[in-house]
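**Student:** Sharing data-v7.txt here; it has compact mmCIF, N, CA and C atoms.
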```
# COMPACT_ATOMS: atom_id res chain seq x y z
N MET U 1 15.75 -2.85 1.91
CA MET U 1 14.50 -2.23 2.31
C MET U 1 14.78 -1.09 3.28
N THR U 2 13.93 -0.08 3.22
CA THR U 2 14.04 1.03 4.16
C THR U 2 13.50 0.58 5.52
N PRO U 3 13.82 1.28 6.60
CA PRO U 3 13.27 0.90 7.91
C PRO U 3 11.74 0.81 7.95
N PRO U 4 10.98 1.75 7.34
CA PRO U 4 9.53 1.58 7.36
C PRO U 4 9.07 0.35 6.58
N GLU U 5 9.73 0.07 5.46
CA GLU U 5 9.38 -1.12 4.69
C GLU U 5 9.67 -2.39 5.50
N ALA U 6 10.79 -2.42 6.20
CA ALA U 6 11.13 -3.58 7.02
C ALA U 6 10.11 -3.78 8.14
N ARG U 7 9.66 -2.68 8.73
CA ARG U 7 8.65 -2.76 9.80
C ARG U 7 7.34 -3.34 9.25
N LEU U 8 6.94 -2.87 8.08
CA LEU U 8 5.70 -3.37 7.48
C LEU U 8 5.86 -4.83 7.06
N TRP U 9 7.02 -5.19 6.55
CA TRP U 9 7.26 -6.56 6.10
C TRP U 9 7.11 -7.56 7.24
N VAL U 10 7.53 -7.20 8.44
CA VAL U 10 7.38 -8.10 9.58
C VAL U 10 5.91 -8.46 9.79
N ALA U 11 5.02 -7.49 9.57
CA ALA U 11 3.59 -7.74 9.74
C ALA U 11 2.98 -8.49 8.55
N LEU U 12 3.54 -8.31 7.36
CA LEU U 12 2.95 -8.90 6.15
C LEU U 12 3.52 -10.24 5.74
N ARG U 13 4.72 -10.58 6.18
CA ARG U 13 5.43 -11.74 5.63
C ARG U 13 4.66 -13.05 5.79
N GLY U 14 4.90 -13.93 4.85
CA GLY U 14 4.20 -15.21 4.83
C GLY U 14 2.71 -14.99 4.67
N LYS U 15 1.92 -15.68 5.45
CA LYS U 15 0.48 -15.45 5.48
C LYS U 15 0.08 -14.96 6.86
N ALA U 16 1.02 -14.31 7.54
CA ALA U 16 0.78 -13.86 8.90
C ALA U 16 -0.28 -12.77 8.97
N PHE U 17 -0.53 -12.06 7.90
CA PHE U 17 -1.47 -10.95 7.92
C PHE U 17 -2.80 -11.35 7.30
N GLU U 18 -3.76 -11.71 8.13
CA GLU U 18 -5.12 -11.99 7.69
C GLU U 18 -5.21 -13.00 6.56
N GLY U 19 -4.20 -13.84 6.41
CA GLY U 19 -4.22 -14.85 5.36
C GLY U 19 -3.80 -14.34 3.99
N TRP U 20 -3.52 -13.04 3.87
CA TRP U 20 -3.06 -12.50 2.59
C TRP U 20 -1.60 -12.87 2.41
N ARG U 21 -1.22 -13.25 1.20
CA ARG U 21 0.16 -13.59 0.91
C ARG U 21 0.78 -12.43 0.13
N PHE U 22 1.72 -11.76 0.74
CA PHE U 22 2.42 -10.65 0.11
C PHE U 22 3.84 -11.06 -0.25
N ARG U 23 4.31 -10.51 -1.35
CA ARG U 23 5.71 -10.66 -1.75
C ARG U 23 6.34 -9.28 -1.59
N ARG U 24 7.61 -9.27 -1.27
CA ARG U 24 8.31 -7.99 -1.20
C ARG U 24 9.21 -7.86 -2.41
N GLN U 25 9.47 -6.62 -2.80
CA GLN U 25 10.33 -6.32 -3.95
C GLN U 25 9.93 -7.15 -5.16
N HIS U 26 8.64 -7.06 -5.52
CA HIS U 26 8.08 -7.85 -6.61
C HIS U 26 8.25 -7.13 -7.95
N PRO U 27 8.95 -7.73 -8.92
CA PRO U 27 9.14 -7.08 -10.22
C PRO U 27 7.87 -7.16 -11.06
N ILE U 28 7.57 -6.06 -11.75
CA ILE U 28 6.48 -6.02 -12.71
C ILE U 28 6.91 -5.07 -13.83
N GLY U 29 7.13 -5.61 -14.99
CA GLY U 29 7.64 -4.81 -16.11
C GLY U 29 8.93 -4.11 -15.72
N PRO U 30 9.01 -2.80 -15.97
CA PRO U 30 10.24 -2.07 -15.65
C PRO U 30 10.31 -1.62 -14.19
N TYR U 31 9.34 -2.01 -13.37
CA TYR U 31 9.24 -1.51 -11.99
C TYR U 31 9.42 -2.64 -10.97
N VAL U 32 9.70 -2.25 -9.73
CA VAL U 32 9.75 -3.18 -8.61
C VAL U 32 8.81 -2.62 -7.54
N LEU U 33 7.81 -3.41 -7.17
CA LEU U 33 6.83 -2.99 -6.18
C LEU U 33 7.36 -3.30 -4.78
N ASP U 34 7.12 -2.39 -3.83
CA ASP U 34 7.56 -2.65 -2.46
C ASP U 34 6.94 -3.96 -1.95
N PHE U 35 5.60 -4.07 -2.07
CA PHE U 35 4.87 -5.27 -1.64
C PHE U 35 3.76 -5.53 -2.65
N TYR U 36 3.47 -6.83 -2.87
CA TYR U 36 2.44 -7.18 -3.83
C TYR U 36 1.68 -8.41 -3.36
N CYS U 37 0.34 -8.34 -3.46
CA CYS U 37 -0.53 -9.47 -3.16
C CYS U 37 -1.24 -9.85 -4.46
N ASP U 38 -0.91 -11.02 -5.00
CA ASP U 38 -1.46 -11.45 -6.28
C ASP U 38 -2.96 -11.71 -6.18
N ARG U 39 -3.41 -12.34 -5.12
CA ARG U 39 -4.83 -12.66 -4.96
C ARG U 39 -5.69 -11.40 -5.01
N ALA U 40 -5.24 -10.32 -4.40
CA ALA U 40 -5.99 -9.07 -4.37
C ALA U 40 -5.59 -8.13 -5.50
N ARG U 41 -4.53 -8.48 -6.26
CA ARG U 41 -4.00 -7.61 -7.32
C ARG U 41 -3.73 -6.22 -6.75
N LEU U 42 -3.01 -6.20 -5.60
CA LEU U 42 -2.76 -4.98 -4.86
C LEU U 42 -1.27 -4.77 -4.64
N ALA U 43 -0.79 -3.60 -5.05
CA ALA U 43 0.59 -3.19 -4.74
C ALA U 43 0.53 -2.23 -3.58
N VAL U 44 1.45 -2.38 -2.63
CA VAL U 44 1.55 -1.46 -1.50
C VAL U 44 2.92 -0.81 -1.58
N GLU U 45 2.92 0.51 -1.67
CA GLU U 45 4.15 1.29 -1.75
C GLU U 45 4.28 2.13 -0.48
N VAL U 46 5.46 2.11 0.12
CA VAL U 46 5.75 2.93 1.29
C VAL U 46 6.57 4.11 0.81
N ASP U 47 5.99 5.30 0.93
CA ASP U 47 6.60 6.51 0.40
C ASP U 47 7.22 7.35 1.51
N GLY U 48 8.51 7.58 1.39
CA GLY U 48 9.22 8.46 2.32
C GLY U 48 9.24 9.88 1.79
N GLN U 49 10.03 10.73 2.41
CA GLN U 49 10.07 12.15 2.08
C GLN U 49 10.50 12.41 0.64
N THR U 50 11.31 11.56 0.07
CA THR U 50 11.80 11.81 -1.30
C THR U 50 10.66 11.79 -2.32
N HIS U 51 9.55 11.14 -1.99
CA HIS U 51 8.43 11.08 -2.93
C HIS U 51 7.69 12.41 -3.04
N TRP U 52 8.01 13.35 -2.15
CA TRP U 52 7.32 14.64 -2.13
C TRP U 52 8.13 15.75 -2.78
N ILE U 53 9.33 15.47 -3.25
CA ILE U 53 10.17 16.53 -3.80
C ILE U 53 10.38 16.35 -5.30
N GLY U 54 10.70 17.46 -5.95
CA GLY U 54 10.98 17.41 -7.38
C GLY U 54 9.81 16.86 -8.17
N ASN U 55 10.13 16.09 -9.19
CA ASN U 55 9.07 15.50 -10.03
C ASN U 55 8.77 14.06 -9.64
N ASN U 56 9.11 13.67 -8.43
CA ASN U 56 8.88 12.29 -8.00
C ASN U 56 7.40 11.93 -7.96
N GLN U 57 6.53 12.88 -7.61
CA GLN U 57 5.10 12.57 -7.60
C GLN U 57 4.61 12.28 -9.02
N ALA U 58 5.13 13.00 -9.99
CA ALA U 58 4.75 12.74 -11.39
C ALA U 58 5.24 11.36 -11.82
N ARG U 59 6.45 11.02 -11.43
CA ARG U 59 6.97 9.67 -11.75
C ARG U 59 6.13 8.59 -11.09
N ASP U 60 5.75 8.82 -9.81
CA ASP U 60 4.90 7.85 -9.12
C ASP U 60 3.56 7.69 -9.83
N ALA U 61 2.98 8.81 -10.28
CA ALA U 61 1.69 8.75 -10.98
C ALA U 61 1.82 7.98 -12.29
N GLU U 62 2.91 8.19 -13.00
CA GLU U 62 3.15 7.47 -14.25
C GLU U 62 3.29 5.97 -13.98
N ARG U 63 4.04 5.64 -12.96
CA ARG U 63 4.23 4.24 -12.58
C ARG U 63 2.91 3.62 -12.17
N ASP U 64 2.12 4.32 -11.34
CA ASP U 64 0.83 3.81 -10.88
C ASP U 64 -0.11 3.57 -12.05
N ALA U 65 -0.10 4.48 -13.03
CA ALA U 65 -0.95 4.31 -14.21
C ALA U 65 -0.52 3.09 -15.02
N TRP U 66 0.79 2.89 -15.16
CA TRP U 66 1.30 1.74 -15.90
C TRP U 66 0.86 0.44 -15.22
N VAL U 67 1.00 0.41 -13.91
CA VAL U 67 0.63 -0.78 -13.13
C VAL U 67 -0.89 -0.99 -13.20
N ALA U 68 -1.67 0.11 -13.08
CA ALA U 68 -3.13 0.01 -13.12
C ALA U 68 -3.62 -0.51 -14.47
N ALA U 69 -2.93 -0.14 -15.53
CA ALA U 69 -3.31 -0.63 -16.86
C ALA U 69 -3.17 -2.15 -16.96
N ARG U 70 -2.45 -2.73 -16.05
CA ARG U 70 -2.28 -4.19 -16.01
C ARG U 70 -3.15 -4.82 -14.92
N GLY U 71 -4.11 -4.06 -14.40
CA GLY U 71 -5.08 -4.60 -13.44
C GLY U 71 -4.62 -4.65 -12.01
N VAL U 72 -3.58 -3.89 -11.67
CA VAL U 72 -3.06 -3.89 -10.31
C VAL U 72 -3.31 -2.52 -9.69
N ARG U 73 -3.98 -2.49 -8.55
CA ARG U 73 -4.21 -1.25 -7.82
C ARG U 73 -3.01 -0.93 -6.95
N THR U 74 -2.77 0.35 -6.72
CA THR U 74 -1.64 0.77 -5.90
C THR U 74 -2.14 1.52 -4.68
N LEU U 75 -1.73 1.06 -3.53
CA LEU U 75 -2.01 1.75 -2.27
C LEU U 75 -0.69 2.35 -1.80
N ARG U 76 -0.65 3.67 -1.69
CA ARG U 76 0.55 4.36 -1.23
C ARG U 76 0.37 4.78 0.22
N LEU U 77 1.30 4.35 1.06
CA LEU U 77 1.30 4.70 2.48
C LEU U 77 2.51 5.56 2.77
N SER U 78 2.33 6.57 3.59
CA SER U 78 3.49 7.37 3.97
C SER U 78 4.34 6.58 4.96
N ALA U 79 5.63 6.77 4.87
CA ALA U 79 6.55 6.10 5.79
C ALA U 79 6.25 6.50 7.23
N SER U 80 5.84 7.76 7.43
CA SER U 80 5.53 8.21 8.79
C SER U 80 4.32 7.47 9.35
N LEU U 81 3.32 7.16 8.50
CA LEU U 81 2.17 6.39 8.99
C LEU U 81 2.61 5.01 9.45
N VAL U 82 3.46 4.36 8.66
CA VAL U 82 3.92 3.01 9.01
C VAL U 82 4.64 3.04 10.36
N PHE U 83 5.44 4.07 10.60
CA PHE U 83 6.14 4.18 11.89
C PHE U 83 5.23 4.59 13.04
N GLU U 84 4.35 5.55 12.79
CA GLU U 84 3.55 6.13 13.87
C GLU U 84 2.29 5.33 14.19
N ASP U 85 1.70 4.69 13.20
CA ASP U 85 0.44 3.98 13.42
C ASP U 85 0.35 2.78 12.49
N LEU U 86 1.14 1.77 12.79
CA LEU U 86 1.17 0.56 11.97
C LEU U 86 -0.21 -0.08 11.89
N ASP U 87 -1.00 -0.01 12.97
CA ASP U 87 -2.34 -0.58 12.95
C ASP U 87 -3.21 0.06 11.87
N ALA U 88 -3.14 1.38 11.74
CA ALA U 88 -3.92 2.07 10.71
C ALA U 88 -3.45 1.64 9.32
N ALA U 89 -2.16 1.50 9.12
CA ALA U 89 -1.62 1.06 7.84
C ALA U 89 -2.13 -0.35 7.52
N LEU U 90 -2.14 -1.23 8.50
CA LEU U 90 -2.62 -2.59 8.28
C LEU U 90 -4.11 -2.62 8.00
N ARG U 91 -4.89 -1.76 8.65
CA ARG U 91 -6.32 -1.68 8.36
C ARG U 91 -6.54 -1.26 6.91
N MET U 92 -5.75 -0.28 6.47
CA MET U 92 -5.89 0.18 5.08
C MET U 92 -5.56 -0.94 4.11
N ILE U 93 -4.48 -1.65 4.36
CA ILE U 93 -4.08 -2.74 3.46
C ILE U 93 -5.15 -3.82 3.42
N ASP U 94 -5.65 -4.23 4.58
CA ASP U 94 -6.68 -5.26 4.63
C ASP U 94 -7.95 -4.81 3.90
N HIS U 95 -8.34 -3.56 4.13
CA HIS U 95 -9.53 -3.02 3.46
C HIS U 95 -9.38 -3.06 1.94
N TRP U 96 -8.27 -2.54 1.42
CA TRP U 96 -8.09 -2.48 -0.02
C TRP U 96 -7.80 -3.84 -0.64
N ALA U 97 -7.26 -4.77 0.13
CA ALA U 97 -7.11 -6.14 -0.38
C ALA U 97 -8.48 -6.77 -0.55
N ARG U 98 -9.38 -6.56 0.41
CA ARG U 98 -10.73 -7.11 0.32
C ARG U 98 -11.51 -6.50 -0.84
N VAL U 99 -11.37 -5.20 -1.04
CA VAL U 99 -12.02 -4.53 -2.17
C VAL U 99 -11.54 -5.14 -3.48
N GLY U 100 -10.26 -5.49 -3.52
CA GLY U 100 -9.67 -6.01 -4.75
C GLY U 100 -10.17 -7.37 -5.17
N ILE U 101 -10.74 -8.15 -4.25
CA ILE U 101 -11.21 -9.48 -4.65
C ILE U 101 -12.70 -9.50 -4.91
N SER U 102 -13.36 -8.33 -4.87
CA SER U 102 -14.79 -8.28 -5.16
C SER U 102 -15.02 -8.51 -6.65
N PRO U 103 -16.23 -8.95 -7.02
CA PRO U 103 -16.52 -9.17 -8.44
C PRO U 103 -16.39 -7.90 -9.28
N ALA U 104 -16.58 -6.75 -8.67
CA ALA U 104 -16.50 -5.49 -9.41
C ALA U 104 -15.09 -4.92 -9.39
N ARG U 105 -14.09 -5.77 -9.28
CA ARG U 105 -12.70 -5.32 -9.23
C ARG U 105 -12.38 -4.46 -10.44
N HIS U 106 -11.66 -3.38 -10.20
CA HIS U 106 -11.25 -2.52 -11.29
C HIS U 106 -9.89 -1.94 -10.95
N ALA U 107 -9.19 -1.51 -11.96
CA ALA U 107 -7.86 -0.92 -11.75
C ALA U 107 -8.03 0.53 -11.31
N ALA U 108 -7.46 0.87 -10.18
CA ALA U 108 -7.54 2.24 -9.69
C ALA U 108 -6.36 2.50 -8.77
N VAL U 109 -5.96 3.73 -8.71
CA VAL U 109 -4.94 4.13 -7.76
C VAL U 109 -5.66 4.63 -6.53
N VAL U 110 -5.32 4.11 -5.37
CA VAL U 110 -5.98 4.49 -4.14
C VAL U 110 -5.29 5.73 -3.60
N PRO U 111 -6.01 6.84 -3.43
CA PRO U 111 -5.38 8.05 -2.91
C PRO U 111 -4.84 7.86 -1.50
N LEU U 112 -3.79 8.58 -1.18
CA LEU U 112 -3.20 8.48 0.16
C LEU U 112 -4.17 8.84 1.27
N HIS U 113 -5.10 9.73 1.01
CA HIS U 113 -5.98 10.20 2.07
C HIS U 113 -7.14 9.27 2.37
N ARG U 114 -7.30 8.19 1.62
CA ARG U 114 -8.41 7.28 1.85
C ARG U 114 -8.07 6.32 2.98
N VAL U 115 -8.70 6.50 4.12
CA VAL U 115 -8.48 5.64 5.27
C VAL U 115 -9.82 5.02 5.64
N PRO U 116 -9.93 3.70 5.66
CA PRO U 116 -11.21 3.08 6.03
C PRO U 116 -11.60 3.45 7.45
N ARG U 117 -12.85 3.72 7.66
CA ARG U 117 -13.35 4.16 8.97
C ARG U 117 -14.03 3.03 9.74
N SER U 118 -14.03 1.83 9.21
CA SER U 118 -14.70 0.72 9.87
C SER U 118 -13.89 0.22 11.07
N PRO U 119 -14.58 -0.41 12.03
CA PRO U 119 -13.86 -0.97 13.18
C PRO U 119 -12.86 -2.02 12.73
N SER U 120 -11.80 -2.17 13.48
CA SER U 120 -10.75 -3.11 13.09
C SER U 120 -10.28 -3.91 14.29
N PRO U 121 -9.92 -5.17 14.07
CA PRO U 121 -9.36 -5.97 15.15
C PRO U 121 -7.97 -5.50 15.56
N TYR U 122 -7.37 -4.55 14.80
CA TYR U 122 -6.02 -4.11 15.11
C TYR U 122 -5.99 -2.97 16.12
N GLY U 123 -7.15 -2.35 16.40
CA GLY U 123 -7.21 -1.27 17.37
C GLY U 123 -6.46 -0.05 16.89
N GLY U 124 -6.32 0.92 17.78
CA GLY U 124 -5.57 2.14 17.44
C GLY U 124 -6.40 3.12 16.66
N GLY U 125 -5.96 4.34 16.62
CA GLY U 125 -6.67 5.40 15.92
C GLY U 125 -6.33 5.41 14.44
N VAL U 126 -7.18 6.04 13.70
CA VAL U 126 -6.97 6.20 12.26
C VAL U 126 -6.45 7.59 12.02
N ARG U 127 -5.40 7.72 11.25
CA ARG U 127 -4.81 9.00 10.94
C ARG U 127 -4.83 9.26 9.45
N ASN U 128 -4.77 10.51 9.10
CA ASN U 128 -4.68 10.89 7.70
C ASN U 128 -3.26 10.64 7.24
N CYS U 129 -3.10 9.79 6.24
CA CYS U 129 -1.75 9.47 5.79
C CYS U 129 -1.41 10.18 4.49
N GLY U 130 -2.22 11.17 4.11
CA GLY U 130 -1.99 11.84 2.84
C GLY U 130 -1.15 13.09 2.93
N SER U 131 -0.86 13.54 4.12
CA SER U 131 -0.10 14.78 4.23
C SER U 131 1.39 14.49 4.17
N ALA U 132 2.12 15.44 3.66
CA ALA U 132 3.58 15.29 3.56
C ALA U 132 4.17 15.28 4.94
N PRO U 133 5.20 14.46 5.17
CA PRO U 133 5.84 14.40 6.49
C PRO U 133 6.53 15.70 6.84
```
Let me see the structure of the file written as structure tokens.

**Tutor:**
Amino acid sequence: MTPPEARLWVALRGKAFEGWRFRRQHPIGPYVLDFYCDRARLAVEVDGQTHWIGNNQARDAERDAWVAARGVRTLRLSASLVFEDLDAALRMIDHWARVGISPARHAAVVPLHRVPRSPSPYGGGVRNCGSAP
């Protein structure tokens, strides 16, 4: 795992995070998801600088579409967000996990710039995580 992934894993491991059970390095078809919550059908990917160069964004989009076709939503977080504002990253994960268990669940890729604005028990400010580092 990369350092940002390891930092996030400490917060997510077991059921330590709001009762959600996440797995790390979860295989699905030809891919391996950074983190996956089966109950919410949510994949969480931590994207570092390499995701912004070359055709990596196109590959990520292809992968996200493949995963979405199987009913799994993908939340992409920038590695810088995980390092700079872990609380905001956790708020995003909790928000999208809750959305995923609603009766109107649908497969969708969550854009990087979508940050929930609701109050959170985690405190801290909310930052835009969609910009390139």

**Student:** Between atom N of Leu81 of chain U and atom CA of Ala58 of chain U, what is the spacing in Å?

**Tutor:**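 Atom-to-atom, atom CA of Ala58 of chain U to atom N of Leu81 of chain U, that is 20.7 Å.
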
**Student:** Between atom CA of Phe17 of chain U and atom CA of Pro30 of chain U, what is the spacing in Å?

**Tutor:**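 About the pair atom CA of Pro30 of chain U and atom CA of Phe17 of chain U: they are 27.8 Å apart.
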
**Student:** Could you check how far atom CA of Arg73 of chain U sits from atom CA of Arg91 of chain U, in Å to one decimal?

**Tutor:**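 About the pair atom CA of Arg73 of chain U and atom CA of Arg91 of chain U: they are 16.3 Å apart.
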
**Student:** Would you mind writing down, as a ChimeraX atom specification, each residue of segment 18-92 of chain U that DSSP on the backbone assigns to strand (DSSP E)?

**Tutor:** /U:23-28,31-37,42-47,73-78

**Student:** Looking at U:Ala65, U:Leu8, U:Val99, U:Ala40, which one is nearest to Ser80 of chain U, with distances taken over only C-alpha atoms?

**Tutor:** U:Leu8

**Student:** Write out as a list in words all residues of segment 27-91 of chain U that DSSP puts in alpha helix (DSSP H) for this structure's backbone.

**Tutor:**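 Those residues are Asn56, Gln57, Ala58, Arg59, Asp60, Ala61, Glu62, Arg63, Asp64, Ala65, Trp66, Val67, Ala68, Ala79, Ser80, Leu81, Val82, Phe83, Glu84, Leu86, Asp87, Ala88, Ala89, Leu90 and Arg91 of chain U.
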
**Student:** I need the residue nearest Trp20 of chain U from this list: U:Val72, U:Cys37, U:Val32, U:Ala6. Use only C-alpha atoms for the distance.

**Tutor:** U:Cys37

**Student:** Give me the residues near Gly48 of chain U as an MDAnalysis selection string, where near means some atom within 6.5 Å (using only N, CA and C atoms) and where sequence neighbours in that chain fewer than 4 positions away do not count.

**Tutor:** chainID U and resid 52 77:80

**Student:** Find the residue from U:Arg63, U:Thr2, U:Val10, U:Asp47 that sits nearest to Tyr31 of chain U; use all atoms listed in the file when measuring.

**Tutor:**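 Result for the nearest residue to Tyr31 of chain U: U:Arg63.
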
**Student:** Gly14 of chain U: which residues within 12 Å, counting only C-alpha atoms, same-chain residues fewer than 5 positions away excluded, as a VMD selection string?

**Tutor:** chain U and resid 9 19 to 24 35 to 37

**Student:** Got time to write the residues from that selection, N, CA and C atoms, as a PDB file, keeping the file's coordinate frame?

**Tutor:**
```pdb
ATOM      1  N   TRP U   9       7.020  -5.190   6.550  1.00  0.00           N
ATOM      2  CA  TRP U   9       7.260  -6.560   6.100  1.00  0.00           C
ATOM      3  C   TRP U   9       7.110  -7.560   7.240  1.00  0.00           C
ATOM      4  N   GLY U  19      -4.200 -13.840   6.410  1.00  0.00           N
ATOM      5  CA  GLY U  19      -4.220 -14.850   5.360  1.00  0.00           C
ATOM      6  C   GLY U  19      -3.800 -14.340   3.990  1.00  0.00           C
ATOM      7  N   TRP U  20      -3.520 -13.040   3.870  1.00  0.00           N
ATOM      8  CA  TRP U  20      -3.060 -12.500   2.590  1.00  0.00           C
ATOM      9  C   TRP U  20      -1.600 -12.870   2.410  1.00  0.00           C
ATOM     10  N   ARG U  21      -1.220 -13.250   1.200  1.00  0.00           N
ATOM     11  CA  ARG U  21       0.160 -13.590   0.910  1.00  0.00           C
ATOM     12  C   ARG U  21       0.780 -12.430   0.130  1.00  0.00           C
ATOM     13  N   PHE U  22       1.720 -11.760   0.740  1.00  0.00           N
ATOM     14  CA  PHE U  22       2.420 -10.650   0.110  1.00  0.00           C
ATOM     15  C   PHE U  22       3.840 -11.060  -0.250  1.00  0.00           C
ATOM     16  N   ARG U  23       4.310 -10.510  -1.350  1.00  0.00           N
ATOM     17  CA  ARG U  23       5.710 -10.660  -1.750  1.00  0.00           C
ATOM     18  C   ARG U  23       6.340  -9.280  -1.590  1.00  0.00           C
ATOM     19  N   ARG U  24       7.610  -9.270  -1.270  1.00  0.00           N
ATOM     20  CA  ARG U  24       8.310  -7.990  -1.200  1.00  0.00           C
ATOM     21  C   ARG U  24       9.210  -7.860  -2.410  1.00  0.00           C
ATOM     22  N   PHE U  35       5.600  -4.070  -2.070  1.00  0.00           N
ATOM     23  CA  PHE U  35       4.870  -5.270  -1.640  1.00  0.00           C
ATOM     24  C   PHE U  35       3.760  -5.530  -2.650  1.00  0.00           C
ATOM     25  N   TYR U  36       3.470  -6.830  -2.870  1.00  0.00           N
ATOM     26  CA  TYR U  36       2.440  -7.180  -3.830  1.00  0.00           C
ATOM     27  C   TYR U  36       1.680  -8.410  -3.360  1.00  0.00           C
ATOM     28  N   CYS U  37       0.340  -8.340  -3.460  1.00  0.00           N
ATOM     29  CA  CYS U  37      -0.530  -9.470  -3.160  1.00  0.00           C
ATOM     30  C   CYS U  37      -1.240  -9.850  -4.460  1.00  0.00           C
TER      31      CYS U  37
END
```
